[in-house]
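Here is the structure we will look at.
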Amino acid sequence: MRVITCLFTEHNLWFVLLAAIMCVVGATITVRLYRLVVSAQGSARLGWAFLAAVCAGSAIWTTHFIAMLGYEPGVPVRLDSGLTIASGLIAIAGSGAAFLIAGVHRSRIMQAIAGAAFGLTVAAMHFTGMFAYRVDGIVSWDMNYVASAIALSVAFGAAALYVAPNWSGGWRAMVPSLLLVAGIVSLHFTGMAAFLVEPLAGIEPGAESPAFTAMAIAVAIAGFLILGTGVATYLIEQRMREASEDKLRHMALHDPLTGLPNRTSFYARLDARLDGPQSDQTAVAAIDLNRFKEINDSWGHAAGDQVLIALAERLRRFDGGRHFAARLGGDEFCMILKTGDERELQDLVQALELEFNRPVQCGALEATTGASIGIAIYPRDGAERDSLVRNADLAMYKAKADPLTTICFYDSELGDAVRERRQLANDLRNAIEKGELSLHYQVQTSIETGDIRGYEALLRWKHPKRGNIPPAQFIPLAEANGLILQLGDWVLRRACLDAAGWPEGLKVAVNLSAIQLTHIGLPQQIHQVLIETGLPPVRLEIELTETALIKDKAQSLHIMRQIKALGVSIALDDFGTGYSSLDTLRAFPFDKIKMDKSFTDELKTDQRSLAVVRAVLALAKSLGIPVLAEGIETVEQLELLRLEHCDEGQGYLLGRPAPKDVVNRLGARIEVGGASPAASAPARRA
Ligand code: C2E
Ligand code: CA
Ligand code: CA
């Protein structure tokens with residue numbers, strides 16, 4: 001009650017209004033600055049805290065003294081200039097300390113504590129200011145009001161700084177400033193209600209001292225300080241916003257690792273280039289690193305990143321930075337090249353290739369990645385952006401596929417080849433239903449006795465227009481198009497069904513692709529087929545290559561064990577063509593090793609290379625695994641293998657792959673004598 005009477009009867013309301021305006025403006029700017037204190041890092045935080053302290057201190061101080069200018073105690077008044085200045089300094093220093101507390105410890109609770117400290121600062125400033133206020137009368141303080149004033153200031157201050165960092169959108173953004181204003185105003189007027197003056201008899205009220213003029217000037221200066229910090233904040237925030245917008249724009253258009261433009265910028269730049277005047281020739285280079293995966297796998301991703309960054313830097317500077325380079329992802333780069341004519345382009349691309357053949361320093365290691373580069377020239381190889389890029393890619397794939405070329409210029413035949421591949425994949429999709437697929441069987445025999453052990457099932461596709469297509473061509477196509485699972489299932493079923501009708505004891509070997517092995521349902525599928533066809537599991541053999549196994553060793557091993565648990569045996573196909581054959585043999589439980597045809601080939605060209613075959617046989621023997629030699633074409637090869645105690649053989653000499661009735665024609669044993677191929681010669685039954 002006394003607060004209200006004090007406000008309305010003892011104050012000039014114009015001054016109160018002015019004080020309130022100063023307070024609201026100051027508090028609003030303070031809260032803005034305070035949010036910056038809390039969100040800034042390092043020295044920026046210190047700078048913001050300083051500005052916030054100057055602004056808040058000035059706001060408290062001016063609010064107080066403008067209101068004091070409007071205070072009419074009814075007695076003469078003087079001001080102690082020392083204490084007046086001290087009160088201003090207390091306001092600034094105290095607020096600064098509070099903001100720093102909040103800025104350093106960003107927890108919500110510390111922000112509330114900082115707010116309480118701010119509230120205490122306002123109180124300290126107020127009462128110091130009141131001590132500077134000398135009246136000719138008897139002054140007494142109502143301690144209840146003093147305590148309430150301090151409590152209100154602390155509570156509002158704590159609430160204000162507690163919500164300020166989080167409440168920053170919409171109407172809620174206003175709340176912290178209003179809480180600050182409430183704190184300052186309630187402190188002031190409750191504090192004033194505590195201040196009681198009893199005029200001394202005989203003293204005339206009024207007579208203003210010169211100190212009041214000085215104070216009016218000081219208040220004006222403090223007001224300018226508040227406005228100054230406000231304008232400075234606005235300008236700095238504006239710049240920060242622009243800077244962060246620039247940063248966002250940069251992030252959207254650049255690859256974060258290398259800083260090169262990304263795919264989006266590449267397309268934009270290419271569009272602009274193709275739309276603009278064509279004074280130079282424009283070409284697109286699609287680039288793919290050759291040995292990046294190896295570096296990543298063996299040296300780790302950090303090394304891989306380092307290599308990419310170094311190569312990106314080279315591309316940026318290539319040819320004086322005249323061309324536009326972008327990273328499209330992974331180890332894929334793209335460039336827009338500008339040249340005078342095609343001759344110049346040839347030279348330029350060769351120079352570009354050299355950049356990738358120079359080693360990159362990677363800590364103590366040196367890496368040379370090499371690259372496959374595909375070039376498409378505008379407009380000859382593509383009249384618009386997408387076709388130009390696609391054809392550069394096609395050329396790059398061509399270069400990649402051929403180990404001897406690193407640079408490939410697009411030509412229309414390349415496009416034809418791709419279209420043809422696509423067409424063939426479509427035809428393959430329908431081949432099963434149309435009955436164009438069949439299985440041929442190639443005999444596998446004991447080298448020692450010539451006894452037939454079984455047959456390998458080999459898939460055949462008779463294309464209605466193109467005739468026989470070799471599996472080496474359509475199997476990879478099926479793998480790339482996800483058709484291999486369907487195809488593999490068909491082969492397995494067909495082979496087991498055929499073999500179920502063969503004489504007892506003859507096995508059938510079925511090739512499985514790497515992709516089938518990644519399919520966890522495989523053991524179940526094999527089990528199902530065996531049941532449905534009635535083939536005993538011991539008569540089925542699965543052939544796997546090393547590459548199929550090493551993709552995910554743990555998973556492969558798991559699936560292999562499940563297959564073996566069915567009673568089915570497993571052979572390692574194409575042994576000797578992989579990387580770590582010895583490890584594979586040790587790690588996986590194979591029942592047979594199929595020594596690749598390339599070893600057998602050696603036997604006919606070079607007698608000395610017998611040593612290699614001997615080593616393979618000795619190794620297998622030490623592991624207790626029988627060996628089948630693939631691709632036996634001559635009697636000499638067969639003889640040598642017999643002398644080396646190789647267990648089994650397969651090859652044109654023993655029998656070419658042929659339709660299923662070959663099994664019944666061949667009987668149980670093959671005898672090879674002279675040069676006559678056995679498949680055509682009827683064999684004697686044992
Ligand atoms: P592979 O498993 O190594 O099969 C042996 C290949 O060598 C067969 O070629 C066979 O005809 C050929 N060959 C056999 N003996 C001789 C010989 O004395 N001299 C020569 N020069 N070649 C001989 P084919 O049938 O063209 O099969 C090629 C490859 O296609 C196979 O190699 C196998 O990896 C794959 N393949 C064939 N059928 C299937 C299948 O049903 N499923 C899967 N996933 N792959 C299959
Ligand atoms: Ca095979
Ligand atoms: Ca093979």
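Each chain in the structure tokens gets a letter, A, B, ..., in the order shown, and its residues are numbered from 1; ligands are numbered from 1 in order too.
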
So that I can see what lies close to A:Leu487, please list as a PyMOL selection string the residues with an atom at most 12 Å from it, counting only C-alpha atoms and leaving out residues fewer than 3 positions away in the same chain.
chain A and resi 428-433+436-439+459-461+471+474-479+481-484+490-494+511-513+515-516

Could you please extract the residues within 7 Å of ligand 1, counting only C-alpha atoms and all ligand atoms, and hand them back as a PyMOL selection string?
chain A and resi 457-459+470-472+475+488+491+510-513+573-574+630-633+650-653+656-657

Could you give me the residues within 10 Å of ligand 3, counting only C-alpha atoms and all ligand atoms, as a PyMOL selection string?
chain A and resi 456+511+543-545+571-575+577+593-598+628-631+650

Nearest to A:Ile138, restricted to only C-alpha atoms and choosing among A:Pro73, A:Gly96, A:Pro403, A:Pro659, comes out as A:Pro73

Give the answer as one residue: which of A:Ala194, A:Val538, A:Ile570, A:Val104 has the shortest atom-to-atom distance to ligand 2, using only C-alpha atoms and all ligand atoms?
A:Ile570

Going by DSSP on the backbone, which residues of stretch 136-260 of chain A come out as strand (DSSP E)? List them as a ChimeraX atom specification.
/A:137-141,195-199

Let me make sure I understand: among A:Asp381, A:Asp331, A:Asp451, A:Glu639, which one has the smallest atom-to-atom distance to A:Gly415 if we use only C-alpha atoms?
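Of A:Asp381, A:Asp331, A:Asp451, A:Glu639, the one nearest A:Gly415 is A:Asp381, counting only C-alpha atoms.
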
Give me, please, the distance in Å between atom CA of A:Leu100 and atom CA of A:Ala149, quoted to one decimal.
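Answer for the atom CA of A:Leu100 to atom CA of A:Ala149 separation: 24.5 Å.
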
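With atom CA of A:Leu179 on one side and atom CA of A:Ala160 on the other, the separation reads 5.2 Å.
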
Mind checking which residues fall within 8 Å of stretch 117-132 of chain A, counting only C-alpha atoms, ignoring those fewer than 5 positions away in the same chain, and posting them as a PDB file with all heavy atoms, in the first residue's frame?
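Once written, around.pdb looks like this:
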```pdb
ATOM      1  N   ILE A  60      19.821   0.117 -15.219  1.00  0.00           N
ATOM      2  CA  ILE A  60      19.415   0.157 -13.812  1.00  0.00           C
ATOM      3  C   ILE A  60      19.648   1.555 -13.241  1.00  0.00           C
ATOM      4  O   ILE A  60      18.808   2.138 -12.565  1.00  0.00           O
ATOM      5  CB  ILE A  60      20.252  -0.839 -12.969  1.00  0.00           C
ATOM      6  CG1 ILE A  60      20.199  -2.245 -13.550  1.00  0.00           C
ATOM      7  CG2 ILE A  60      19.759  -0.870 -11.537  1.00  0.00           C
ATOM      8  CD1 ILE A  60      21.298  -3.141 -12.987  1.00  0.00           C
ATOM      9  N   TRP A  61      20.821   2.030 -13.588  1.00  0.00           N
ATOM     10  CA  TRP A  61      21.229   3.317 -13.001  1.00  0.00           C
ATOM     11  C   TRP A  61      20.325   4.450 -13.469  1.00  0.00           C
ATOM     12  O   TRP A  61      19.827   5.230 -12.678  1.00  0.00           O
ATOM     13  CB  TRP A  61      22.690   3.567 -13.389  1.00  0.00           C
ATOM     14  CG  TRP A  61      23.340   4.686 -12.630  1.00  0.00           C
ATOM     15  CD1 TRP A  61      23.912   4.621 -11.399  1.00  0.00           C
ATOM     16  CD2 TRP A  61      23.468   6.028 -13.082  1.00  0.00           C
ATOM     17  NE1 TRP A  61      24.407   5.820 -11.037  1.00  0.00           N
ATOM     18  CE2 TRP A  61      24.155   6.725 -12.056  1.00  0.00           C
ATOM     19  CE3 TRP A  61      23.103   6.722 -14.231  1.00  0.00           C
ATOM     20  CZ2 TRP A  61      24.467   8.071 -12.150  1.00  0.00           C
ATOM     21  CZ3 TRP A  61      23.415   8.069 -14.331  1.00  0.00           C
ATOM     22  CH2 TRP A  61      24.088   8.735 -13.298  1.00  0.00           C
ATOM     23  N   HIS A  64      16.851   4.272 -12.009  1.00  0.00           N
ATOM     24  CA  HIS A  64      16.844   4.753 -10.624  1.00  0.00           C
ATOM     25  C   HIS A  64      16.904   6.280 -10.559  1.00  0.00           C
ATOM     26  O   HIS A  64      16.086   6.919  -9.904  1.00  0.00           O
ATOM     27  CB  HIS A  64      18.044   4.151  -9.884  1.00  0.00           C
ATOM     28  CG  HIS A  64      18.226   4.688  -8.497  1.00  0.00           C
ATOM     29  ND1 HIS A  64      17.492   4.223  -7.427  1.00  0.00           N
ATOM     30  CD2 HIS A  64      19.041   5.670  -8.013  1.00  0.00           C
ATOM     31  CE1 HIS A  64      17.861   4.879  -6.334  1.00  0.00           C
ATOM     32  NE2 HIS A  64      18.803   5.773  -6.672  1.00  0.00           N
ATOM     33  N   LEU A  79      23.172  15.831  -3.548  1.00  0.00           N
ATOM     34  CA  LEU A  79      23.664  14.519  -3.983  1.00  0.00           C
ATOM     35  C   LEU A  79      25.135  14.391  -3.678  1.00  0.00           C
ATOM     36  O   LEU A  79      25.896  15.329  -3.901  1.00  0.00           O
ATOM     37  CB  LEU A  79      23.486  14.358  -5.490  1.00  0.00           C
ATOM     38  CG  LEU A  79      22.183  13.748  -5.989  1.00  0.00           C
ATOM     39  CD1 LEU A  79      22.265  13.614  -7.491  1.00  0.00           C
ATOM     40  CD2 LEU A  79      21.924  12.392  -5.353  1.00  0.00           C
ATOM     41  N   ASP A  80      25.552  13.229  -3.197  1.00  0.00           N
ATOM     42  CA  ASP A  80      26.976  12.955  -3.006  1.00  0.00           C
ATOM     43  C   ASP A  80      27.489  12.376  -4.318  1.00  0.00           C
ATOM     44  O   ASP A  80      27.112  11.271  -4.725  1.00  0.00           O
ATOM     45  CB  ASP A  80      27.146  11.949  -1.870  1.00  0.00           C
ATOM     46  CG  ASP A  80      28.601  11.618  -1.603  1.00  0.00           C
ATOM     47  OD1 ASP A  80      29.352  11.435  -2.607  1.00  0.00           O
ATOM     48  OD2 ASP A  80      28.973  11.512  -0.435  1.00  0.00           O
ATOM     49  N   SER A  81      28.340  13.160  -5.016  1.00  0.00           N
ATOM     50  CA  SER A  81      28.712  12.723  -6.373  1.00  0.00           C
ATOM     51  C   SER A  81      29.539  11.435  -6.338  1.00  0.00           C
ATOM     52  O   SER A  81      29.405  10.566  -7.210  1.00  0.00           O
ATOM     53  CB  SER A  81      29.463  13.822  -7.111  1.00  0.00           C
ATOM     54  OG  SER A  81      30.498  14.302  -6.295  1.00  0.00           O
ATOM     55  N   GLY A  82      30.386  11.290  -5.322  1.00  0.00           N
ATOM     56  CA  GLY A  82      31.210  10.071  -5.233  1.00  0.00           C
ATOM     57  C   GLY A  82      30.351   8.819  -5.163  1.00  0.00           C
ATOM     58  O   GLY A  82      30.534   7.870  -5.929  1.00  0.00           O
ATOM     59  N   LEU A  83      29.376   8.838  -4.280  1.00  0.00           N
ATOM     60  CA  LEU A  83      28.523   7.658  -4.124  1.00  0.00           C
ATOM     61  C   LEU A  83      27.649   7.431  -5.363  1.00  0.00           C
ATOM     62  O   LEU A  83      27.343   6.290  -5.728  1.00  0.00           O
ATOM     63  CB  LEU A  83      27.634   7.812  -2.889  1.00  0.00           C
ATOM     64  CG  LEU A  83      28.311   7.471  -1.552  1.00  0.00           C
ATOM     65  CD1 LEU A  83      27.362   7.741  -0.381  1.00  0.00           C
ATOM     66  CD2 LEU A  83      28.763   6.008  -1.538  1.00  0.00           C
ATOM     67  N   THR A  84      27.264   8.540  -6.014  1.00  0.00           N
ATOM     68  CA  THR A  84      26.451   8.410  -7.229  1.00  0.00           C
ATOM     69  C   THR A  84      27.227   7.661  -8.309  1.00  0.00           C
ATOM     70  O   THR A  84      26.722   6.728  -8.951  1.00  0.00           O
ATOM     71  CB  THR A  84      26.053   9.802  -7.756  1.00  0.00           C
ATOM     72  OG1 THR A  84      25.406  10.506  -6.705  1.00  0.00           O
ATOM     73  CG2 THR A  84      25.133   9.678  -8.947  1.00  0.00           C
ATOM     74  N   ALA A  86      29.825   5.764  -7.759  1.00  0.00           N
ATOM     75  CA  ALA A  86      30.053   4.402  -7.262  1.00  0.00           C
ATOM     76  C   ALA A  86      28.846   3.516  -7.554  1.00  0.00           C
ATOM     77  O   ALA A  86      28.981   2.355  -7.966  1.00  0.00           O
ATOM     78  CB  ALA A  86      30.337   4.431  -5.768  1.00  0.00           C
ATOM     79  N   SER A  87      27.651   4.072  -7.386  1.00  0.00           N
ATOM     80  CA  SER A  87      26.467   3.241  -7.607  1.00  0.00           C
ATOM     81  C   SER A  87      26.404   2.787  -9.071  1.00  0.00           C
ATOM     82  O   SER A  87      26.028   1.648  -9.365  1.00  0.00           O
ATOM     83  CB  SER A  87      25.202   4.009  -7.220  1.00  0.00           C
ATOM     84  OG  SER A  87      24.990   5.072  -8.132  1.00  0.00           O
ATOM     85  N   GLY A  88      26.796   3.687  -9.985  1.00  0.00           N
ATOM     86  CA  GLY A  88      26.822   3.301 -11.414  1.00  0.00           C
ATOM     87  C   GLY A  88      27.816   2.192 -11.653  1.00  0.00           C
ATOM     88  O   GLY A  88      27.542   1.210 -12.368  1.00  0.00           O
ATOM     89  N   ILE A  90      28.944   0.029  -9.505  1.00  0.00           N
ATOM     90  CA  ILE A  90      28.447  -1.218  -8.903  1.00  0.00           C
ATOM     91  C   ILE A  90      27.476  -1.902  -9.865  1.00  0.00           C
ATOM     92  O   ILE A  90      27.524  -3.115 -10.098  1.00  0.00           O
ATOM     93  CB  ILE A  90      27.733  -0.923  -7.560  1.00  0.00           C
ATOM     94  CG1 ILE A  90      28.779  -0.579  -6.490  1.00  0.00           C
ATOM     95  CG2 ILE A  90      26.903  -2.130  -7.108  1.00  0.00           C
ATOM     96  CD1 ILE A  90      28.174  -0.105  -5.181  1.00  0.00           C
ATOM     97  N   ALA A  91      26.596  -1.084 -10.473  1.00  0.00           N
ATOM     98  CA  ALA A  91      25.596  -1.651 -11.385  1.00  0.00           C
ATOM     99  C   ALA A  91      26.273  -2.371 -12.548  1.00  0.00           C
ATOM    100  O   ALA A  91      25.904  -3.498 -12.916  1.00  0.00           O
ATOM    101  CB  ALA A  91      24.683  -0.554 -11.912  1.00  0.00           C
ATOM    102  N   GLY A  94      28.562  -5.452 -11.160  1.00  0.00           N
ATOM    103  CA  GLY A  94      27.722  -6.548 -10.649  1.00  0.00           C
ATOM    104  C   GLY A  94      27.027  -7.285 -11.782  1.00  0.00           C
ATOM    105  O   GLY A  94      27.019  -8.521 -11.827  1.00  0.00           O
ATOM    106  N   SER A  95      26.460  -6.540 -12.737  1.00  0.00           N
ATOM    107  CA  SER A  95      25.788  -7.219 -13.852  1.00  0.00           C
ATOM    108  C   SER A  95      26.798  -8.033 -14.651  1.00  0.00           C
ATOM    109  O   SER A  95      26.521  -9.167 -15.058  1.00  0.00           O
ATOM    110  CB  SER A  95      25.138  -6.244 -14.825  1.00  0.00           C
ATOM    111  OG  SER A  95      24.630  -5.137 -14.172  1.00  0.00           O
ATOM    112  N   ALA A  98      27.505 -11.213 -12.954  1.00  0.00           N
ATOM    113  CA  ALA A  98      26.371 -12.136 -13.071  1.00  0.00           C
ATOM    114  C   ALA A  98      26.340 -12.782 -14.459  1.00  0.00           C
ATOM    115  O   ALA A  98      26.173 -14.001 -14.600  1.00  0.00           O
ATOM    116  CB  ALA A  98      25.068 -11.389 -12.812  1.00  0.00           C
ATOM    117  N   ALA A 149      11.954  -5.543  -0.861  1.00  0.00           N
ATOM    118  CA  ALA A 149      12.516  -5.004  -2.106  1.00  0.00           C
ATOM    119  C   ALA A 149      13.611  -5.927  -2.626  1.00  0.00           C
ATOM    120  O   ALA A 149      13.636  -6.298  -3.815  1.00  0.00           O
ATOM    121  CB  ALA A 149      13.069  -3.607  -1.864  1.00  0.00           C
ATOM    122  N   ILE A 150      14.521  -6.324  -1.724  1.00  0.00           N
ATOM    123  CA  ILE A 150      15.637  -7.180  -2.152  1.00  0.00           C
ATOM    124  C   ILE A 150      15.108  -8.530  -2.634  1.00  0.00           C
ATOM    125  O   ILE A 150      15.510  -9.043  -3.680  1.00  0.00           O
ATOM    126  CB  ILE A 150      16.651  -7.358  -1.006  1.00  0.00           C
ATOM    127  CG1 ILE A 150      17.275  -5.996  -0.679  1.00  0.00           C
ATOM    128  CG2 ILE A 150      17.741  -8.351  -1.396  1.00  0.00           C
ATOM    129  CD1 ILE A 150      18.204  -6.013   0.520  1.00  0.00           C
ATOM    130  N   SER A 153      13.586  -8.262  -6.073  1.00  0.00           N
ATOM    131  CA  SER A 153      14.603  -8.055  -7.101  1.00  0.00           C
ATOM    132  C   SER A 153      15.324  -9.370  -7.418  1.00  0.00           C
ATOM    133  O   SER A 153      15.535  -9.717  -8.586  1.00  0.00           O
ATOM    134  CB  SER A 153      15.592  -7.002  -6.616  1.00  0.00           C
ATOM    135  OG  SER A 153      16.615  -6.847  -7.550  1.00  0.00           O
ATOM    136  N   VAL A 154      15.677 -10.098  -6.351  1.00  0.00           N
ATOM    137  CA  VAL A 154      16.392 -11.365  -6.551  1.00  0.00           C
ATOM    138  C   VAL A 154      15.496 -12.377  -7.283  1.00  0.00           C
ATOM    139  O   VAL A 154      15.917 -13.036  -8.239  1.00  0.00           O
ATOM    140  CB  VAL A 154      16.859 -11.930  -5.191  1.00  0.00           C
ATOM    141  CG1 VAL A 154      17.322 -13.381  -5.335  1.00  0.00           C
ATOM    142  CG2 VAL A 154      17.995 -11.080  -4.635  1.00  0.00           C
ATOM    143  N   ALA A 155      14.239 -12.446  -6.869  1.00  0.00           N
ATOM    144  CA  ALA A 155      13.343 -13.433  -7.475  1.00  0.00           C
ATOM    145  C   ALA A 155      13.099 -13.129  -8.950  1.00  0.00           C
ATOM    146  O   ALA A 155      13.221 -14.010  -9.813  1.00  0.00           O
ATOM    147  CB  ALA A 155      12.015 -13.447  -6.715  1.00  0.00           C
ATOM    148  N   PHE A 156      12.789 -11.871  -9.251  1.00  0.00           N
ATOM    149  CA  PHE A 156      12.540 -11.523 -10.657  1.00  0.00           C
ATOM    150  C   PHE A 156      13.809 -11.706 -11.505  1.00  0.00           C
ATOM    151  O   PHE A 156      13.762 -12.188 -12.634  1.00  0.00           O
ATOM    152  CB  PHE A 156      12.044 -10.079 -10.777  1.00  0.00           C
ATOM    153  CG  PHE A 156      10.564  -9.939 -10.520  1.00  0.00           C
ATOM    154  CD1 PHE A 156      10.086  -9.145  -9.490  1.00  0.00           C
ATOM    155  CD2 PHE A 156       9.650 -10.609 -11.343  1.00  0.00           C
ATOM    156  CE1 PHE A 156       8.720  -9.016  -9.264  1.00  0.00           C
ATOM    157  CE2 PHE A 156       8.277 -10.472 -11.112  1.00  0.00           C
ATOM    158  CZ  PHE A 156       7.813  -9.683 -10.069  1.00  0.00           C
ATOM    159  N   GLY A 157      14.958 -11.304 -10.918  1.00  0.00           N
ATOM    160  CA  GLY A 157      16.227 -11.445 -11.661  1.00  0.00           C
ATOM    161  C   GLY A 157      16.497 -12.902 -11.985  1.00  0.00           C
ATOM    162  O   GLY A 157      16.835 -13.265 -13.121  1.00  0.00           O
ATOM    163  N   ALA A 158      16.319 -13.773 -10.964  1.00  0.00           N
ATOM    164  CA  ALA A 158      16.581 -15.199 -11.172  1.00  0.00           C
ATOM    165  C   ALA A 158      15.657 -15.755 -12.248  1.00  0.00           C
ATOM    166  O   ALA A 158      16.079 -16.472 -13.162  1.00  0.00           O
ATOM    167  CB  ALA A 158      16.394 -15.956  -9.868  1.00  0.00           C
ATOM    168  N   GLY A 183      11.607  -6.655 -11.972  1.00  0.00           N
ATOM    169  CA  GLY A 183      12.586  -6.702 -10.893  1.00  0.00           C
ATOM    170  C   GLY A 183      13.086  -5.301 -10.545  1.00  0.00           C
ATOM    171  O   GLY A 183      13.105  -4.890  -9.371  1.00  0.00           O
ATOM    172  N   ILE A 184      13.492  -4.558 -11.591  1.00  0.00           N
ATOM    173  CA  ILE A 184      14.088  -3.231 -11.360  1.00  0.00           C
ATOM    174  C   ILE A 184      13.048  -2.274 -10.770  1.00  0.00           C
ATOM    175  O   ILE A 184      13.292  -1.574  -9.778  1.00  0.00           O
ATOM    176  CB  ILE A 184      14.648  -2.667 -12.690  1.00  0.00           C
ATOM    177  CG1 ILE A 184      15.804  -3.547 -13.183  1.00  0.00           C
ATOM    178  CG2 ILE A 184      15.123  -1.227 -12.511  1.00  0.00           C
ATOM    179  CD1 ILE A 184      16.265  -3.243 -14.597  1.00  0.00           C
ATOM    180  N   LEU A 187      11.848  -3.266  -7.215  1.00  0.00           N
ATOM    181  CA  LEU A 187      12.890  -2.932  -6.240  1.00  0.00           C
ATOM    182  C   LEU A 187      12.876  -1.438  -5.950  1.00  0.00           C
ATOM    183  O   LEU A 187      12.903  -1.005  -4.805  1.00  0.00           O
ATOM    184  CB  LEU A 187      14.275  -3.327  -6.742  1.00  0.00           C
ATOM    185  CG  LEU A 187      15.328  -2.830  -5.741  1.00  0.00           C
ATOM    186  CD1 LEU A 187      15.846  -3.956  -4.900  1.00  0.00           C
ATOM    187  CD2 LEU A 187      16.400  -2.030  -6.357  1.00  0.00           C
ATOM    188  N   HIS A 188      12.803  -0.674  -7.048  1.00  0.00           N
ATOM    189  CA  HIS A 188      12.914   0.772  -6.856  1.00  0.00           C
ATOM    190  C   HIS A 188      11.788   1.304  -5.981  1.00  0.00           C
ATOM    191  O   HIS A 188      12.030   1.974  -4.986  1.00  0.00           O
ATOM    192  CB  HIS A 188      12.909   1.492  -8.203  1.00  0.00           C
ATOM    193  CG  HIS A 188      13.086   2.970  -8.040  1.00  0.00           C
ATOM    194  ND1 HIS A 188      14.333   3.546  -7.915  1.00  0.00           N
ATOM    195  CD2 HIS A 188      12.180   3.978  -7.912  1.00  0.00           C
ATOM    196  CE1 HIS A 188      14.194   4.843  -7.737  1.00  0.00           C
ATOM    197  NE2 HIS A 188      12.876   5.147  -7.741  1.00  0.00           N
ATOM    198  N   GLY A 191      11.714  -0.146  -2.521  1.00  0.00           N
ATOM    199  CA  GLY A 191      12.852   0.456  -1.814  1.00  0.00           C
ATOM    200  C   GLY A 191      12.527   1.887  -1.389  1.00  0.00           C
ATOM    201  O   GLY A 191      12.896   2.331  -0.301  1.00  0.00           O
TER     202      GLY A 191
END
```

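Taking atom CA of A:Lys434 as the reference point, atom CA of A:Gly467 is found at 14.2 Å.
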
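When only C-alpha atoms and all ligand atoms are used to compute distances to ligand 2, the closest of the residues A:Val139, A:Ala93, A:Ala325, A:Val443 turns out to be A:Val443.
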
Under the rule that only C-alpha atoms and all ligand atoms are counted, which of A:Gly576, A:Ala620, A:Cys646, A:Tyr455 is the nearest residue to ligand 2?
A:Tyr455

Out of A:Pro256, A:Pro589, A:Gly103, A:Gly435, which residue has the shortest atom-to-atom distance to A:His463 when counting only C-alpha atoms?
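Once distances to A:His463 are computed over only C-alpha atoms, the minimum belongs to A:Gly435.
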
Residues of stretch 144-305 of chain A in helix (DSSP H, G or I), written as a VMD selection string:
chain A and resid 144 to 163 170 to 193 210 to 253 263 to 275 292 to 299 301 to 305

Write out as a list in words the residues lying within 8 Å of A:Val31, counting only C-alpha atoms and excluding same-chain residues fewer than 2 positions away.
Ala27, Thr28, Ile29, Leu33, Tyr34, Arg35, Ala164, Pro176 and Ser177 of chain A

Could you take the residues named above and write them with C-alpha atoms, as an mmCIF file, in the first residue's frame?
```cif
data_model
loop_
_atom_site.group_PDB
_atom_site.id
_atom_site.type_symbol
_atom_site.label_atom_id
_atom_site.label_comp_id
_atom_site.auth_asym_id
_atom_site.auth_seq_id
_atom_site.Cartn_x
_atom_site.Cartn_y
_atom_site.Cartn_z
ATOM 1 C CA ALA A 27 16.075 -4.538 -20.316
ATOM 2 C CA THR A 28 15.159 -5.571 -23.857
ATOM 3 C CA ILE A 29 18.656 -4.892 -25.135
ATOM 4 C CA LEU A 33 22.948 -9.368 -25.241
ATOM 5 C CA TYR A 34 22.602 -11.896 -22.468
ATOM 6 C CA ARG A 35 21.456 -14.562 -24.937
ATOM 7 C CA ALA A 164 16.038 -15.939 -21.145
ATOM 8 C CA PRO A 176 12.578 -12.255 -19.734
ATOM 9 C CA SER A 177 12.742 -8.507 -20.446
#
```
